[in-house]
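Asks: Quick one, upload31.cif (mmCIF, C-alpha atoms and all ligand atoms):
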data_protein
loop_
_atom_site.label_atom_id
_atom_site.label_comp_id
_atom_site.auth_asym_id
_atom_site.auth_seq_id
_atom_site.Cartn_x
_atom_site.Cartn_y
_atom_site.Cartn_z
CA MET A 111 9.85 -6.33 15.67
CA ARG A 112 6.58 -6.17 13.67
CA LYS A 113 7.00 -6.33 9.89
CA PHE A 114 4.39 -4.93 7.53
CA PHE A 115 4.26 -5.12 3.75
CA VAL A 116 2.11 -2.32 2.33
CA THR A 117 1.30 -2.27 -1.38
CA GLY A 118 0.27 0.98 -3.07
CA GLY A 119 1.83 2.94 -0.21
CA ALA A 120 2.84 5.86 -2.43
CA GLY A 121 -0.81 6.62 -3.23
CA PHE A 122 -3.32 8.72 -1.34
CA ILE A 123 -4.62 6.32 1.35
CA GLY A 124 -1.64 3.94 1.37
CA SER A 125 0.79 6.76 2.23
CA ALA A 126 -1.47 7.89 5.10
CA PHE A 127 -1.58 4.31 6.36
CA VAL A 128 2.22 3.95 6.22
CA ARG A 129 2.49 7.13 8.32
CA LEU A 130 0.01 5.73 10.82
CA LEU A 131 1.89 2.41 11.13
CA LEU A 132 5.21 4.17 11.74
CA ASP A 133 3.59 6.42 14.35
CA GLU A 134 1.69 3.67 16.15
CA PHE A 135 4.48 1.07 16.27
CA PRO A 136 7.78 2.82 17.02
CA SER A 137 9.80 -0.34 16.44
CA CYS A 138 8.05 -1.73 13.34
CA GLU A 139 9.45 -2.08 9.82
CA VAL A 140 7.34 -1.17 6.82
CA THR A 141 8.13 -2.31 3.30
CA ASN A 142 6.27 -0.08 0.88
CA PHE A 143 5.84 -1.79 -2.49
CA ASP A 144 4.44 0.45 -5.22
CA ALA A 145 4.71 0.57 -9.02
CA LEU A 146 4.56 4.38 -9.04
CA THR A 147 1.87 4.62 -11.70
CA TYR A 148 0.52 8.10 -12.51
CA ALA A 149 -1.27 7.96 -9.09
CA GLY A 150 1.78 6.96 -7.05
CA ASN A 151 3.84 9.89 -5.90
CA PRO A 152 7.21 9.74 -4.10
CA ASP A 153 6.44 13.23 -2.72
CA ASN A 154 3.78 11.50 -0.59
CA LEU A 155 6.56 9.72 1.31
CA GLU A 156 8.50 12.82 2.23
CA GLY A 157 9.71 12.90 5.84
CA LEU A 158 9.21 9.18 6.60
CA ASP A 159 11.81 7.49 8.82
CA SER A 160 14.17 5.82 6.32
CA LEU A 161 15.49 3.43 9.00
CA ARG A 162 12.06 1.80 9.36
CA HIS A 163 10.43 2.50 5.99
CA TYR A 164 11.78 0.77 2.89
CA PHE A 165 10.38 1.82 -0.44
CA ILE A 166 10.57 -0.71 -3.29
CA LYS A 167 9.34 0.16 -6.76
CA GLY A 168 7.54 -2.89 -8.11
CA ASP A 169 4.42 -4.29 -9.72
CA ILE A 170 2.10 -6.51 -7.64
CA CYS A 171 1.43 -8.60 -10.78
CA ASP A 172 5.10 -9.64 -10.80
CA GLY A 173 5.20 -12.60 -8.41
CA ASP A 174 8.99 -12.90 -8.40
CA ALA A 175 9.41 -9.23 -7.50
CA VAL A 176 6.84 -9.48 -4.70
CA PHE A 177 8.45 -12.67 -3.41
CA ALA A 178 11.89 -11.05 -3.37
CA ALA A 179 10.66 -7.89 -1.67
CA LEU A 180 8.76 -9.64 1.10
CA ALA A 181 10.84 -9.88 4.28
CA GLU A 182 11.08 -13.16 6.24
CA ASN A 183 8.42 -13.43 8.95
CA THR A 184 6.24 -10.65 7.60
CA ASP A 185 3.29 -10.14 9.93
CA ALA A 186 0.87 -8.75 7.39
CA ILE A 187 0.32 -7.70 3.80
CA ILE A 188 -2.02 -4.73 3.49
CA ASN A 189 -3.11 -4.35 -0.11
CA PHE A 190 -3.91 -0.80 -1.21
CA ALA A 191 -2.38 -1.14 -4.69
CA ALA A 192 -5.04 -0.62 -7.30
CA GLU A 193 -6.20 1.29 -10.30
CA SER A 194 -8.70 3.39 -8.40
CA HIS A 195 -10.48 5.88 -10.66
CA VAL A 196 -13.91 4.95 -12.03
CA ASP A 197 -13.72 7.31 -15.02
CA ARG A 198 -10.46 5.77 -16.16
CA SER A 199 -11.99 2.28 -15.89
CA ILE A 200 -14.82 3.40 -18.18
CA ALA A 201 -12.28 4.67 -20.73
CA SER A 202 -10.31 1.39 -20.57
CA ALA A 203 -10.62 -1.53 -18.18
CA ASP A 204 -7.43 -3.47 -19.00
CA GLU A 205 -5.19 -2.11 -16.25
CA PHE A 206 -8.01 -2.50 -13.72
CA LEU A 207 -8.35 -6.19 -14.46
CA ARG A 208 -4.60 -6.68 -14.38
CA THR A 209 -3.70 -4.85 -11.18
CA ASN A 210 -6.90 -5.19 -9.17
CA ILE A 211 -7.65 -8.84 -9.94
CA LEU A 212 -4.48 -10.55 -11.13
CA GLY A 213 -2.30 -8.50 -8.77
CA THR A 214 -4.44 -9.45 -5.76
CA GLN A 215 -4.17 -13.15 -6.65
CA VAL A 216 -0.39 -12.85 -6.98
CA LEU A 217 -0.20 -11.28 -3.51
CA LEU A 218 -2.41 -14.00 -2.02
CA ASP A 219 -0.23 -16.72 -3.56
CA VAL A 220 2.99 -15.16 -2.28
CA ALA A 221 1.43 -14.60 1.16
CA ARG A 222 0.67 -18.32 1.38
CA ALA A 223 4.04 -19.39 0.03
CA ARG A 224 5.90 -17.16 2.51
CA GLY A 225 3.71 -17.88 5.54
CA VAL A 226 2.53 -14.28 5.99
CA LYS A 227 0.37 -14.20 9.11
CA ARG A 228 -2.48 -11.98 7.87
CA PHE A 229 -3.67 -10.51 4.58
CA LEU A 230 -5.81 -7.38 4.60
CA GLN A 231 -7.59 -6.36 1.41
CA VAL A 232 -8.62 -2.70 1.16
CA SER A 233 -11.88 -2.66 -0.77
CA THR A 234 -14.66 -0.25 -1.57
CA ASP A 235 -18.39 0.20 -0.98
CA GLU A 236 -18.72 0.38 -4.76
CA VAL A 237 -18.69 -3.44 -4.95
CA MET A 238 -22.26 -3.23 -3.61
CA GLY A 239 -23.47 -0.96 -6.41
CA SER A 240 -25.89 1.90 -5.95
CA LEU A 241 -28.60 2.55 -3.33
CA PRO A 242 -31.97 4.23 -3.91
CA ASP A 243 -32.23 7.88 -2.91
CA ASP A 244 -33.93 6.86 0.34
CA GLU A 245 -32.29 7.63 3.66
CA ARG A 246 -33.45 4.33 5.19
CA ALA A 247 -31.33 2.24 2.76
CA PHE A 248 -27.74 1.37 3.72
CA PHE A 249 -24.98 -0.99 2.67
CA THR A 250 -24.25 -3.66 5.26
CA GLU A 251 -21.66 -6.45 5.18
CA ASP A 252 -24.44 -8.74 3.87
CA SER A 253 -25.52 -6.52 0.98
CA PRO A 254 -25.26 -8.38 -2.32
CA PHE A 255 -22.45 -7.69 -4.78
CA ARG A 256 -23.79 -5.41 -7.52
CA PRO A 257 -20.77 -3.63 -9.02
CA ASN A 258 -21.74 -1.13 -11.72
CA SER A 259 -18.42 0.09 -13.15
CA PRO A 260 -15.41 -1.86 -14.42
CA TYR A 261 -13.50 -0.47 -11.40
CA ALA A 262 -16.11 -1.77 -8.95
CA ALA A 263 -16.33 -5.11 -10.77
CA SER A 264 -12.56 -5.57 -10.56
CA LYS A 265 -12.57 -4.78 -6.82
CA ALA A 266 -15.48 -7.22 -6.32
CA ALA A 267 -13.51 -9.92 -8.15
CA ALA A 268 -10.54 -9.23 -5.88
CA GLU A 269 -12.76 -9.69 -2.81
CA HIS A 270 -13.92 -13.05 -4.16
CA LEU A 271 -10.30 -14.16 -4.57
CA VAL A 272 -9.49 -13.11 -0.99
CA ARG A 273 -12.51 -15.00 0.28
CA ALA A 274 -11.50 -18.07 -1.75
CA ALA A 275 -7.94 -17.99 -0.34
CA HIS A 276 -9.39 -17.93 3.17
CA HIS A 277 -11.95 -20.67 2.54
CA THR A 278 -9.82 -23.02 0.46
CA PHE A 279 -6.34 -22.54 1.91
CA GLY A 280 -7.07 -21.22 5.39
CA LEU A 281 -5.20 -17.97 4.76
CA ASP A 282 -5.94 -15.48 7.56
CA THR A 283 -7.67 -12.66 5.68
CA VAL A 284 -9.70 -9.55 6.49
CA ILE A 285 -11.52 -7.29 4.03
CA THR A 286 -12.40 -3.66 4.70
CA ARG A 287 -14.83 -1.73 2.50
CA CYS A 288 -14.93 2.03 2.68
CA GLY A 289 -16.71 4.96 1.07
CA ASN A 290 -15.23 8.12 -0.39
CA ASN A 291 -12.08 9.34 1.32
CA TYR A 292 -10.90 12.94 1.51
CA GLY A 293 -7.77 14.51 2.94
CA PRO A 294 -4.21 15.49 2.04
CA ARG A 295 -2.29 14.02 -0.92
CA GLN A 296 -5.23 12.85 -3.03
CA PHE A 297 -4.59 12.94 -6.77
CA PRO A 298 -6.66 15.83 -8.15
CA GLU A 299 -8.58 13.78 -10.72
CA LYS A 300 -10.85 12.72 -7.83
CA PHE A 301 -13.86 14.89 -7.06
CA LEU A 302 -12.88 16.69 -3.86
CA PRO A 303 -9.25 17.62 -4.61
CA LEU A 304 -10.28 18.52 -8.15
CA LEU A 305 -12.84 20.95 -6.74
CA LEU A 306 -10.32 22.37 -4.37
CA ALA A 307 -7.51 22.71 -6.90
CA ASN A 308 -9.76 24.36 -9.47
CA ALA A 309 -11.39 26.66 -6.95
CA LEU A 310 -8.00 27.80 -5.62
CA ASN A 311 -7.10 28.75 -9.23
CA ASP A 312 -10.51 30.32 -10.01
CA GLU A 313 -11.12 27.65 -12.65
CA PRO A 314 -14.57 26.13 -13.38
CA ILE A 315 -15.59 23.21 -11.19
CA PRO A 316 -17.09 20.33 -13.21
CA VAL A 317 -20.06 18.68 -11.48
CA TYR A 318 -21.57 15.61 -13.14
CA GLY A 319 -25.25 15.53 -14.16
CA ASP A 320 -27.65 17.24 -11.73
CA GLY A 321 -25.07 17.18 -8.90
CA LEU A 322 -27.49 15.31 -6.63
CA ASN A 323 -25.54 12.04 -6.37
CA VAL A 324 -24.83 11.11 -2.76
CA ARG A 325 -21.51 9.84 -1.41
CA ASP A 326 -20.56 8.84 2.13
CA TRP A 327 -17.38 10.80 3.01
CA ILE A 328 -14.68 9.87 5.50
CA TYR A 329 -11.45 11.61 6.45
CA VAL A 330 -8.52 9.52 5.25
CA ASP A 331 -6.87 9.13 8.68
CA ASP A 332 -10.15 7.85 10.16
CA HIS A 333 -10.27 5.23 7.40
CA CYS A 334 -6.66 4.26 8.14
CA ARG A 335 -7.35 3.89 11.86
CA ALA A 336 -10.25 1.56 11.06
CA ILE A 337 -8.02 -0.52 8.77
CA LEU A 338 -5.43 -0.79 11.54
CA LEU A 339 -8.07 -1.93 14.04
CA ALA A 340 -9.35 -4.52 11.56
CA LEU A 341 -5.77 -5.70 11.04
CA GLU A 342 -5.14 -6.00 14.77
CA LYS A 343 -8.49 -7.18 16.09
CA GLY A 344 -10.63 -8.21 13.12
CA ARG A 345 -11.99 -11.75 12.93
CA SER A 346 -10.26 -14.00 10.43
CA GLY A 347 -12.32 -14.18 7.22
CA ALA A 348 -14.47 -11.18 8.19
CA THR A 349 -15.48 -8.15 6.12
CA TYR A 350 -15.97 -4.74 7.77
CA ASN A 351 -17.78 -1.81 6.21
CA ILE A 352 -16.21 1.50 7.21
CA GLY A 353 -18.13 4.75 7.08
CA ALA A 354 -18.44 7.96 9.09
CA ARG A 355 -22.23 8.39 8.68
CA ASN A 356 -21.56 11.42 6.53
CA GLU A 357 -23.72 11.42 3.40
CA ARG A 358 -23.43 14.48 1.17
CA ARG A 359 -24.69 15.44 -2.26
CA ASN A 360 -21.97 16.43 -4.74
CA LEU A 361 -23.50 19.85 -5.31
CA GLU A 362 -23.61 20.57 -1.57
CA ILE A 363 -19.91 19.66 -1.35
CA ALA A 364 -18.99 21.95 -4.21
CA LYS A 365 -20.86 24.82 -2.57
CA SER A 366 -19.37 24.25 0.88
CA ILE A 367 -15.81 24.21 -0.50
CA LEU A 368 -16.43 27.40 -2.46
CA ASP A 369 -17.90 28.99 0.69
CA GLN A 370 -14.88 27.97 2.79
CA LEU A 371 -12.56 29.48 0.17
CA GLY A 372 -14.67 32.61 -0.20
CA LYS A 373 -15.28 31.89 -3.92
CA SER A 374 -18.42 32.36 -5.99
CA HIS A 375 -20.83 29.50 -6.70
CA SER A 376 -20.74 30.65 -10.32
CA LEU A 377 -17.56 28.56 -10.72
CA ILE A 378 -19.78 25.44 -10.67
CA LYS A 379 -20.23 24.03 -14.17
CA PHE A 380 -22.58 21.10 -14.73
CA VAL A 381 -21.13 18.62 -17.22
CA LYS A 382 -22.51 15.53 -18.97
CA ASP A 383 -23.08 12.75 -16.45
CA ARG A 384 -20.74 9.78 -16.10
CA PRO A 385 -22.22 6.73 -17.87
CA GLY A 386 -23.88 4.40 -15.33
CA HIS A 387 -23.24 6.92 -12.54
CA ASP A 388 -24.20 5.34 -9.18
CA ARG A 389 -26.81 7.49 -7.45
CA ARG A 390 -26.15 6.94 -3.79
CA TYR A 391 -23.68 5.20 -1.48
CA ALA A 392 -24.33 5.03 2.26
CA ILE A 393 -22.60 2.73 4.69
CA ASP A 394 -23.93 1.20 7.88
CA PRO A 395 -20.77 1.02 10.06
CA THR A 396 -22.45 -0.72 13.03
CA LEU A 397 -20.20 -3.78 12.86
CA VAL A 398 -16.88 -1.90 12.88
CA GLU A 399 -18.21 0.35 15.65
CA THR A 400 -19.53 -2.40 17.93
CA GLU A 401 -17.03 -5.19 17.30
CA LEU A 402 -13.83 -3.17 16.93
CA GLY A 403 -14.79 -0.06 18.88
CA TRP A 404 -13.97 2.27 15.98
CA ARG A 405 -15.31 5.82 15.77
CA PRO A 406 -14.21 8.59 13.40
CA ARG A 407 -12.25 11.37 15.10
CA GLU A 408 -12.95 14.05 12.49
CA SER A 409 -16.28 15.70 11.78
CA TRP A 410 -16.95 16.68 8.16
CA GLU A 411 -16.15 20.31 9.05
CA SER A 412 -12.89 19.59 10.92
CA GLY A 413 -11.70 17.18 8.21
CA LEU A 414 -12.47 19.63 5.46
CA ARG A 415 -10.63 22.42 7.29
CA LYS A 416 -7.56 20.16 7.63
CA MET A 417 -7.71 19.20 3.97
CA ILE A 418 -8.04 22.77 2.74
CA LYS A 419 -5.20 23.89 5.00
CA TRP A 420 -2.95 21.13 3.63
CA TYR A 421 -3.65 21.92 -0.04
CA ARG A 422 -3.21 25.65 0.59
CA SER A 423 0.20 25.08 2.17
CA HIS A 424 1.31 22.53 -0.47
CA THR A 425 0.70 24.41 -3.70
CA ASP A 426 4.06 23.11 -5.00
CA TRP A 427 2.83 19.49 -4.53
CA LEU A 428 -0.37 20.35 -6.36
CA GLU A 429 1.37 22.13 -9.21
CA ARG A 430 3.78 19.22 -9.77
CA VAL A 431 0.88 16.77 -9.83
CA ARG A 432 -1.21 18.96 -12.13
CA SER A 433 1.53 19.17 -14.72
CA GLY A 434 2.39 16.22 -17.00
CA ALA A 435 0.07 13.24 -17.41
CA TYR A 436 -2.75 14.84 -15.42
CA ARG A 437 -3.20 17.56 -18.05
CA GLU A 438 -3.80 14.99 -20.78
CA TYR A 439 -6.32 13.11 -18.65
CA TYR A 440 -8.17 16.30 -17.74
CA ALA A 441 -8.36 17.50 -21.34
CA ARG A 442 -9.78 14.14 -22.42
CA GLN A 443 -12.33 13.97 -19.58
CA TYR A 444 -13.57 17.55 -19.31
CA GLY A 445 -11.73 19.56 -21.99
CA ALA A 446 -14.64 20.19 -24.36
CA GLU A 447 -16.89 21.38 -21.53
CA VAL A 448 -14.70 23.28 -19.07
CA GLY A 449 -11.36 23.85 -20.84
CA ALA A 450 -7.85 23.05 -19.68
CA PRO A 451 -6.86 22.98 -15.98
N1 LIG B 501 -9.95 6.81 -2.61
C1 LIG B 501 -11.07 6.35 -2.06
O1 LIG B 501 -11.98 7.11 -1.74
C2 LIG B 501 -11.23 4.86 -1.78
C3 LIG B 501 -12.38 4.42 -1.13
C4 LIG B 501 -12.50 3.05 -0.83
C5 LIG B 501 -11.50 2.17 -1.18
N2 LIG B 501 -10.40 2.63 -1.83
C6 LIG B 501 -9.35 1.66 -2.15
O2 LIG B 501 -8.20 2.03 -1.42
C7 LIG B 501 -7.02 1.71 -2.15
C8 LIG B 501 -6.15 2.93 -2.27
O3 LIG B 501 -6.88 3.97 -2.92
P1 LIG B 501 -6.22 5.40 -3.23
O4 LIG B 501 -7.32 6.37 -3.38
O5 LIG B 501 -5.13 5.64 -2.27
O6 LIG B 501 -5.60 5.09 -4.66
P2 LIG B 501 -4.44 5.82 -5.44
O7 LIG B 501 -4.81 5.69 -6.88
O8 LIG B 501 -4.14 7.16 -4.86
O9 LIG B 501 -3.16 4.90 -5.14
C9 LIG B 501 -2.98 3.63 -5.70
C10 LIG B 501 -1.51 3.28 -5.55
O10 LIG B 501 -1.32 1.95 -6.09
C11 LIG B 501 -0.14 1.95 -6.88
N3 LIG B 501 -0.28 0.89 -7.90
C12 LIG B 501 -1.14 0.87 -8.94
N4 LIG B 501 -0.95 -0.24 -9.68
C13 LIG B 501 0.04 -0.94 -9.06
C14 LIG B 501 0.69 -2.19 -9.32
N5 LIG B 501 0.34 -2.95 -10.39
N6 LIG B 501 1.64 -2.61 -8.48
C15 LIG B 501 2.02 -1.86 -7.41
N7 LIG B 501 1.44 -0.67 -7.11
C16 LIG B 501 0.47 -0.21 -7.93
C17 LIG B 501 -0.08 3.34 -7.49
O11 LIG B 501 1.23 3.68 -7.92
C18 LIG B 501 -0.58 4.21 -6.33
O12 LIG B 501 0.50 4.59 -5.50
C19 LIG B 501 -7.50 1.14 -3.48
O13 LIG B 501 -7.44 -0.25 -3.40
C20 LIG B 501 -8.93 1.62 -3.59
O14 LIG B 501 -9.71 0.71 -4.35
C21 LIG B 501 -10.24 3.95 -2.13
#
Once you've parsed the file, please lay out its structure as structure tokens.
Replies:
Amino acid sequence: MRKFFVTGGAGFIGSAFVRLLLDEFPSCEVTNFDALTYAGNPDNLEGLDSLRHYFIKGDICDGDAVFAALAENTDAIINFAAESHVDRSIASADEFLRTNILGTQVLLDVARARGVKRFLQVSTDEVMGSLPDDERAFFTEDSPFRPNSPYAASKAAAEHLVRAAHHTFGLDTVITRCGNNYGPRQFPEKFLPLLLANALNDEPIPVYGDGLNVRDWIYVDDHCRAILLALEKGRSGATYNIGARNERRNLEIAKSILDQLGKSHSLIKFVKDRPGHDRRYAIDPTLVETELGWRPRESWESGLRKMIKWYRSHTDWLERVRSGAYREYYARQYGAEVGAP
């Protein structure tokens, strides 16, 4: 019986990964350890097999709680738990340093103490900073660390701690770094679900600056399949960049979503740029493709269709998420320029 310990599994990507594990390994057990911050959502776990999926509410910075929750002979810890939104890290970095750095170290310590076989750290391309607007420039696994936001800096620090645990203590670790994910169940403060949610309600769509920033988009289930491959077949101590070779400018994305929904481009509203806004991310996924045999299954068009279909058929999920704390965040971030959600 394989035993997995997933942190942050009530969030966007973590919940997709828990689903994938339960589907791929019919006899595995998954402990899902999540603090249920504003971004964690029990609705994301609806329908999971309660005989094989155990949810525990807890904070990864609390070593005793992690220790107690970790089952004997756990095969792997997969760490998704994080403060994950750049804009929030610019407003205040404290929680980012606590969860993303301290929390990762706590997990590494407990993994060693309990003899966990493998530790997988889910990281981001943002640790490598920003690329020039030149289609020949890509992030590789050897690109230098150049984090530009407090979020990216905290994720870079976490990677250093994972590397140190491998080098110093021989812990079996793997790091995966991915670009921007899209798909079902993403909290609508992030660009794509925010666009979609606002467009569905005929509300203005805030686009930062000139809208020409480039991101490398990947469908969430493709990301999760790459993480699973890295977990199963990745070299100990290795880092894998994961990307679907799908660079898009923010403005192009806004227009294509409005087109798919049959809405007018006049909903686009340019707002003051994010301070220090990275211009371009683009990932070279050659290593994960050649060494692990990974390929994305979704094209940009098929992934987007799936995402739109999901949000359209889960308006209750969206409305619950958009009430409460989200309204306060939105008013603070965009209120003066585009009004309330
Ligand atoms: N979303 C992306 O496009 C993207 C891209 C690359 C990497 N990542 C990384 O993937 C991971 C998951 O991202 P996401 O978009 O699903 O994030 P998310 O914000 O949707 O989910 C994060 C989850 O972590 C939980 N959490 C936060 N602090 C915690 C703590 N102290 N203890 C336990 N749980 C805690 C939250 O409750 C939430 O369920 C993060 O590590 C992020 O850095 C995300």
Asks: Using only C-alpha atoms and all ligand atoms, find the one residue out of A:Glu299, A:Asp219, A:Asp244, A:Glu401 that sits nearest to ligand LIG 501 (chain B).
Replies: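 Selected residue with least distance to ligand LIG 501 (chain B): A:Glu299.
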Asks: Report as a tab-separated table: every residue of stretch 129-205 of chain A with an atom at most 12 Å from stretch 231-235 of chain A, its closest pair of atoms, and their distance in Å to one decimal, counting all atoms listed in the file, with rows sorted by chain and ascending residue number.
Replies:
residue	atom	partner	partner_atom	distance
A:Ala186	CA	A:Gln231	CA	10.6
A:Ile187	CA	A:Gln231	CA	8.4
A:Ile188	CA	A:Gln231	CA	6.2
A:Asn189	CA	A:Gln231	CA	5.1
A:Phe190	CA	A:Val232	CA	5.6
A:Ala191	CA	A:Val232	CA	8.7
A:Ala192	CA	A:Val232	CA	9.4
A:Glu193	CA	A:Ser233	CA	11.8
A:Ser194	CA	A:Thr234	CA	9.8
A:His195	CA	A:Thr234	CA	11.7
A:Val196	CA	A:Thr234	CA	11.7
Asks: How would you write as a CSV table (one decimal) with C-alpha atoms, in the coordinates of the input the residues that get within 12 Å of (-20.2, -1.6, -8.9) in the file's frame, counting all atoms listed in the file?
Replies:
chain,number,residue,atom,x,y,z
A,196,VAL,CA,-13.9,5.0,-12.0
A,199,SER,CA,-12.0,2.3,-15.9
A,200,ILE,CA,-14.8,3.4,-18.2
A,233,SER,CA,-11.9,-2.7,-0.8
A,234,THR,CA,-14.7,-0.2,-1.6
A,235,ASP,CA,-18.4,0.2,-1.0
A,236,GLU,CA,-18.7,0.4,-4.8
A,237,VAL,CA,-18.7,-3.4,-5.0
A,238,MET,CA,-22.3,-3.2,-3.6
A,239,GLY,CA,-23.5,-1.0,-6.4
A,240,SER,CA,-25.9,1.9,-6.0
A,241,LEU,CA,-28.6,2.6,-3.3
A,254,PRO,CA,-25.3,-8.4,-2.3
A,255,PHE,CA,-22.4,-7.7,-4.8
A,256,ARG,CA,-23.8,-5.4,-7.5
A,257,PRO,CA,-20.8,-3.6,-9.0
A,258,ASN,CA,-21.7,-1.1,-11.7
A,259,SER,CA,-18.4,0.1,-13.2
A,260,PRO,CA,-15.4,-1.9,-14.4
A,261,TYR,CA,-13.5,-0.5,-11.4
A,262,ALA,CA,-16.1,-1.8,-9.0
A,263,ALA,CA,-16.3,-5.1,-10.8
A,264,SER,CA,-12.6,-5.6,-10.6
A,265,LYS,CA,-12.6,-4.8,-6.8
A,266,ALA,CA,-15.5,-7.2,-6.3
A,267,ALA,CA,-13.5,-9.9,-8.2
A,386,GLY,CA,-23.9,4.4,-15.3
A,387,HIS,CA,-23.2,6.9,-12.5
A,388,ASP,CA,-24.2,5.3,-9.2
A,389,ARG,CA,-26.8,7.5,-7.4
A,390,ARG,CA,-26.2,6.9,-3.8
A,391,TYR,CA,-23.7,5.2,-1.5
Asks: Distance atom N2 of ligand LIG 501 (chain B)-atom CA of A:Cys288, one decimal place?
Replies: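 Distance reported for this atom pair: 6.4 Å.
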Asks: Report the distance between atom CA of A:Gly118 and atom CA of A:Asp383 in Å, rounded to one decimal place.
Replies: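 Separating atom CA of A:Gly118 from atom CA of A:Asp383 is a distance of 29.4 Å.
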Asks: Mind pulling up the distance from atom N5 of ligand LIG 501 (chain B) to atom CA of A:Gly168?
Replies: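 It comes out at 7.6 Å.
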Asks: Find, counting only C-alpha atoms and all ligand atoms, the residue in A:Ala201, A:Ile166, A:Ala223, A:Ile315 that gets nearest to ligand LIG 501 (chain B).
Replies: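 For ligand LIG 501 (chain B), the nearest of the candidates is A:Ile166.
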Asks: So, counting all atoms listed in the file, which residue among A:Ala354, A:Trp327, A:Arg359, A:Tyr148 is closest to A:Glu438?
Replies: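 Nearest candidate to A:Glu438 out of A:Ala354, A:Trp327, A:Arg359, A:Tyr148: A:Tyr148.
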Asks: Could you check which of A:Asp326, A:Glu313, A:Asp252, A:Glu134 is closest to ligand LIG 501 (chain B), using only C-alpha atoms and all ligand atoms?
Replies: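 Going through A:Asp326, A:Glu313, A:Asp252, A:Glu134 one by one, the smallest distance to ligand LIG 501 (chain B) is for A:Asp326.
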Asks: Go through A:Ala348, A:Ala178, A:Ile393, A:Leu146 and flag the residue nearest ligand LIG 501 (chain B), using all atoms listed in the file for the distances.
Replies: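 Result for the nearest residue to ligand LIG 501 (chain B): A:Leu146.
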Asks: Which residue out of A:Arg228, A:Ile328, A:Val140, A:Val272 has the minimum interatomic distance to ligand LIG 501 (chain B) when only C-alpha atoms and all ligand atoms are used?
Replies: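 Nearest to ligand LIG 501 (chain B): A:Ile328.
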Asks: Write out as a PyMOL selection string the residues lying within 10 Å of A:His375, counting all atoms listed in the file and excluding same-chain residues fewer than 2 positions away.
Replies: chain A and resi 309+314-315+364-369+372-373+377-379
Asks: Could you write those residues out with C-alpha atoms, as a CSV table (one decimal), in the coordinates of the input?
Replies:
chain,number,residue,atom,x,y,z
A,309,ALA,CA,-11.4,26.7,-7.0
A,314,PRO,CA,-14.6,26.1,-13.4
A,315,ILE,CA,-15.6,23.2,-11.2
A,364,ALA,CA,-19.0,22.0,-4.2
A,365,LYS,CA,-20.9,24.8,-2.6
A,366,SER,CA,-19.4,24.2,0.9
A,367,ILE,CA,-15.8,24.2,-0.5
A,368,LEU,CA,-16.4,27.4,-2.5
A,369,ASP,CA,-17.9,29.0,0.7
A,372,GLY,CA,-14.7,32.6,-0.2
A,373,LYS,CA,-15.3,31.9,-3.9
A,377,LEU,CA,-17.6,28.6,-10.7
A,378,ILE,CA,-19.8,25.4,-10.7
A,379,LYS,CA,-20.2,24.0,-14.2
Asks: Given 3 Å on each side, where is the centre and what are the edge lengths in Å to one decimal of the axis-aligned box enclosing the listed atoms of ligand LIG 501 (chain B), as AutoDock Vina command-line options?
Replies:
--center_x -5.2 --center_y 2.1 --center_z -5.6 --size_x 20.5 --size_y 16.1 --size_z 15.6
Asks: Skipping near chain neighbours, those fewer than 6 positions away, what residues fall within 12 Å of A:Asp426 using only C-alpha atoms, listed as a list in words?
Replies: Asp153, Arg295, Ala307, Trp420, Arg432 and Ser433 of chain A
